[in-house]
file protein_0.cif (mmCIF, C-alpha atoms)
data_query
loop_
_atom_site.group_PDB
_atom_site.id
_atom_site.type_symbol
_atom_site.label_atom_id
_atom_site.label_comp_id
_atom_site.auth_asym_id
_atom_site.auth_seq_id
_atom_site.Cartn_x
_atom_site.Cartn_y
_atom_site.Cartn_z
ATOM 1 C CA MET F 1 111.463 82.760 161.050
ATOM 2 C CA ILE F 2 112.410 83.488 157.477
ATOM 3 C CA GLU F 3 112.859 87.092 158.453
ATOM 4 C CA ALA F 4 115.291 86.132 161.248
ATOM 5 C CA THR F 5 117.285 83.938 158.921
ATOM 6 C CA VAL F 6 117.425 86.692 156.331
ATOM 7 C CA HIS F 7 118.527 89.182 158.990
ATOM 8 C CA GLN F 8 121.144 86.729 160.202
ATOM 9 C CA GLN F 9 122.478 86.151 156.666
ATOM 10 C CA LEU F 10 122.486 89.888 155.976
ATOM 11 C CA GLY F 11 124.399 90.458 159.229
ATOM 12 C CA ALA F 12 126.968 87.795 158.257
ATOM 13 C CA LEU F 13 127.261 89.309 154.779
ATOM 14 C CA LEU F 14 127.715 92.790 156.238
ATOM 15 C CA ALA F 15 130.425 91.482 158.590
ATOM 16 C CA GLU F 16 132.214 89.850 155.639
ATOM 17 C CA VAL F 17 132.055 93.089 153.661
ATOM 18 C CA LYS F 18 133.505 94.976 156.633
ATOM 19 C CA ASN F 19 136.302 92.371 156.940
ATOM 20 C CA LEU F 20 137.031 92.675 153.216
ATOM 21 C CA ARG F 21 137.182 96.475 153.478
ATOM 22 C CA GLU F 22 139.600 96.210 156.430
ATOM 23 C CA ASP F 23 141.746 93.686 154.552
ATOM 24 C CA PHE F 24 141.756 95.954 151.522
ATOM 25 C CA ARG F 25 142.763 98.970 153.672
ATOM 26 C CA ARG F 26 145.636 96.992 155.268
ATOM 27 C CA SER F 27 146.770 95.839 151.838
ATOM 28 C CA GLU F 28 146.756 99.441 150.623
ATOM 29 C CA ASP F 29 148.780 100.528 153.676
ATOM 30 C CA LYS F 30 151.358 97.796 153.012
ATOM 31 C CA SER F 31 151.530 98.778 149.345
ATOM 32 C CA ASP F 32 152.045 102.424 150.277
ATOM 33 C CA ALA F 33 154.850 101.494 152.684
ATOM 34 C CA SER F 34 156.451 99.254 150.077
ATOM 35 C CA ARG F 35 156.308 101.967 147.411
ATOM 36 C CA ALA F 36 157.762 104.526 149.833
ATOM 37 C CA SER F 37 160.610 102.147 150.653
ATOM 38 C CA MET F 38 161.260 101.507 146.953
ATOM 39 C CA HIS F 39 161.294 105.244 146.198
ATOM 40 C CA ARG F 40 163.711 105.855 149.078
ATOM 41 C CA ARG F 41 166.081 103.161 147.780
ATOM 42 C CA MET F 42 165.836 104.542 144.240
ATOM 43 C CA ASP F 43 166.698 108.019 145.557
ATOM 44 C CA GLU F 44 169.711 106.549 147.361
ATOM 45 C CA LEU F 45 170.829 104.818 144.141
ATOM 46 C CA VAL F 46 170.470 108.025 142.157
ATOM 47 C CA ASP F 47 172.532 109.870 144.776
ATOM 48 C CA ARG F 48 175.245 107.194 144.826
ATOM 49 C CA THR F 49 175.348 107.084 141.017
ATOM 50 C CA GLY F 50 175.774 110.864 140.877
ATOM 51 C CA LYS F 51 178.638 110.704 143.361
ATOM 52 C CA LEU F 52 180.231 107.854 141.410
ATOM 53 C CA GLU F 53 180.001 109.799 138.153
ATOM 54 C CA GLY F 54 181.683 112.772 139.828
ATOM 55 C CA ALA F 55 184.486 110.567 141.169
ATOM 56 C CA VAL F 56 185.050 108.944 137.770
ATOM 57 C CA ALA F 57 185.196 112.356 136.104
ATOM 58 C CA GLN F 58 187.804 113.473 138.662
ATOM 59 C CA VAL F 59 189.872 110.325 138.045
ATOM 60 C CA ASN F 60 189.679 110.902 134.285
ATOM 61 C CA ASP F 61 190.899 114.471 134.773
ATOM 62 C CA ASP F 62 193.782 113.253 136.950
ATOM 63 C CA VAL F 63 194.779 110.599 134.406
ATOM 64 C CA THR F 64 194.636 113.157 131.613
ATOM 65 C CA GLU F 65 196.973 115.421 133.597
ATOM 66 C CA MET F 66 199.355 112.545 134.431
ATOM 67 C CA LYS F 67 199.630 111.123 130.904
ATOM 68 C CA PRO F 68 202.062 113.752 129.539
ATOM 69 C CA VAL F 69 204.273 113.328 132.599
ATOM 70 C CA ALA F 70 204.314 109.542 132.206
ATOM 71 C CA ASP F 71 205.173 109.928 128.512
ATOM 72 C CA ASP F 72 208.049 112.282 129.409
ATOM 73 C CA VAL F 73 209.379 109.818 131.972
ATOM 74 C CA ARG F 74 209.308 107.019 129.381
ATOM 75 C CA LYS F 75 211.174 109.268 126.946
ATOM 76 C CA TRP F 76 213.779 110.160 129.588
ATOM 77 C CA LYS F 77 214.218 106.485 130.442
ATOM 78 C CA LEU F 78 214.814 105.586 126.797
ATOM 79 C CA MET F 79 217.224 108.505 126.398
ATOM 80 C CA GLY F 80 219.028 107.460 129.574
ATOM 81 C CA MET F 81 219.406 103.905 128.324
ATOM 82 C CA GLY F 82 220.801 105.243 125.038
ATOM 83 C CA ALA F 83 223.232 107.455 126.922
ATOM 84 C CA LEU F 84 224.326 104.509 129.050
ATOM 85 C CA ALA F 85 224.948 102.461 125.908
ATOM 86 C CA VAL F 86 227.080 105.246 124.425
ATOM 87 C CA VAL F 87 229.037 105.629 127.679
ATOM 88 C CA GLY F 88 229.497 101.853 127.837
ATOM 89 C CA LEU F 89 230.851 101.725 124.309
ATOM 90 C CA GLY F 90 233.176 104.642 125.035
ATOM 91 C CA ALA F 91 234.413 103.004 128.229
ATOM 92 C CA THR F 92 235.025 99.753 126.359
ATOM 93 C CA ALA F 93 236.990 101.574 123.668
ATOM 94 C CA LEU F 94 238.996 103.403 126.331
ATOM 95 C CA GLY F 95 239.658 100.129 128.169
ATOM 96 C CA VAL F 96 240.853 98.453 124.985
ATOM 97 C CA SER F 97 243.087 101.440 124.213
ATOM 98 C CA ILE F 98 244.609 101.420 127.698
ATOM 99 C CA ALA F 99 245.115 97.633 127.524
ATOM 100 C CA GLY F 100 246.835 98.051 124.146
ATOM 101 C CA PHE F 101 249.025 100.788 125.561
ATOM 102 C CA PHE F 102 250.130 98.639 128.483
ATOM 103 C CA ASP F 103 250.673 95.699 126.130
ATOM 104 C CA GLN F 104 252.945 97.836 123.953
ATOM 105 C CA LEU F 105 254.660 99.174 127.074
ATOM 106 C CA SER F 106 255.319 95.656 128.368
ATOM 107 C CA LYS F 107 256.700 94.610 124.955
ATOM 108 C CA LEU F 108 258.936 97.648 125.024
ATOM 109 C CA PHE F 109 260.310 96.742 128.461
ATOM 110 C CA ARG F 110 260.804 93.085 127.534
ATOM 111 C CA GLY F 111 262.733 94.027 124.472
ATOM 112 C CA TYR F 112 265.222 96.017 126.582
ATOM 113 C CA GLY F 113 265.444 93.510 129.405
#
call {"tool": "encode", "arguments": {"input": "protein_0.cif", "output": "structure tokens"}}
result
Amino acid sequence: MIEATVHQQLGALLAEVKNLREDFRRSEDKSDASRASMHRRMDELVDRTGKLEGAVAQVNDDVTEMKPVADDVRKWKLMGMGALAVVGLGATALGVSIAGFFDQLSKLFRGYG
């Protein structure tokens, strides 16, 4: 009877060990799948980061090429505003001169009339 009980307990213990081994194997499989997924996502991030760095470098090159042109346009705008001011002053002086001429002309005609 003791022998049967011992055999029964050994059988139960053996079954538990087999269950633990199966649980451990499933856990390892899940861990492997999780690590593979994490590595895949990391590879995708590395790829996207590389593409982003390339795009930023291209934008920096474009901005570097555009900066002298933008500076020239600012300079032309300032020069144009200065030229407009000079033309405006000249036109004002011409207008005043013409108004003075017509004023003198009208005084001349009134004096004879």
call {"tool": "atom_distance", "arguments": {"input": "protein_0.cif", "atom1": "atom CA of Ile2 of chain F", "atom2": "atom CA of Leu14 of chain F"}}
result
18.0 Å
call {"tool": "axis_aligned_box", "arguments": {"input": "protein_0.cif", "around": "segment 82-98 of chain F", "padding_each_side": "6 Å", "output": "JSON"}}
result
{"center_x": 232.7, "center_y": 103.0, "center_z": 126.4, "size_x": 35.8, "size_y": 21.0, "size_z": 17.4}
call {"tool": "atom_distance", "arguments": {"input": "protein_0.cif", "atom1": "atom CA of Val87 of chain F", "atom2": "atom CA of Asp72 of chain F"}}
result
22.1 Å
call {"tool": "atom_distance", "arguments": {"input": "protein_0.cif", "atom1": "atom CA of Ile98 of chain F", "atom2": "atom CA of Ala85 of chain F"}}
result
19.8 Å
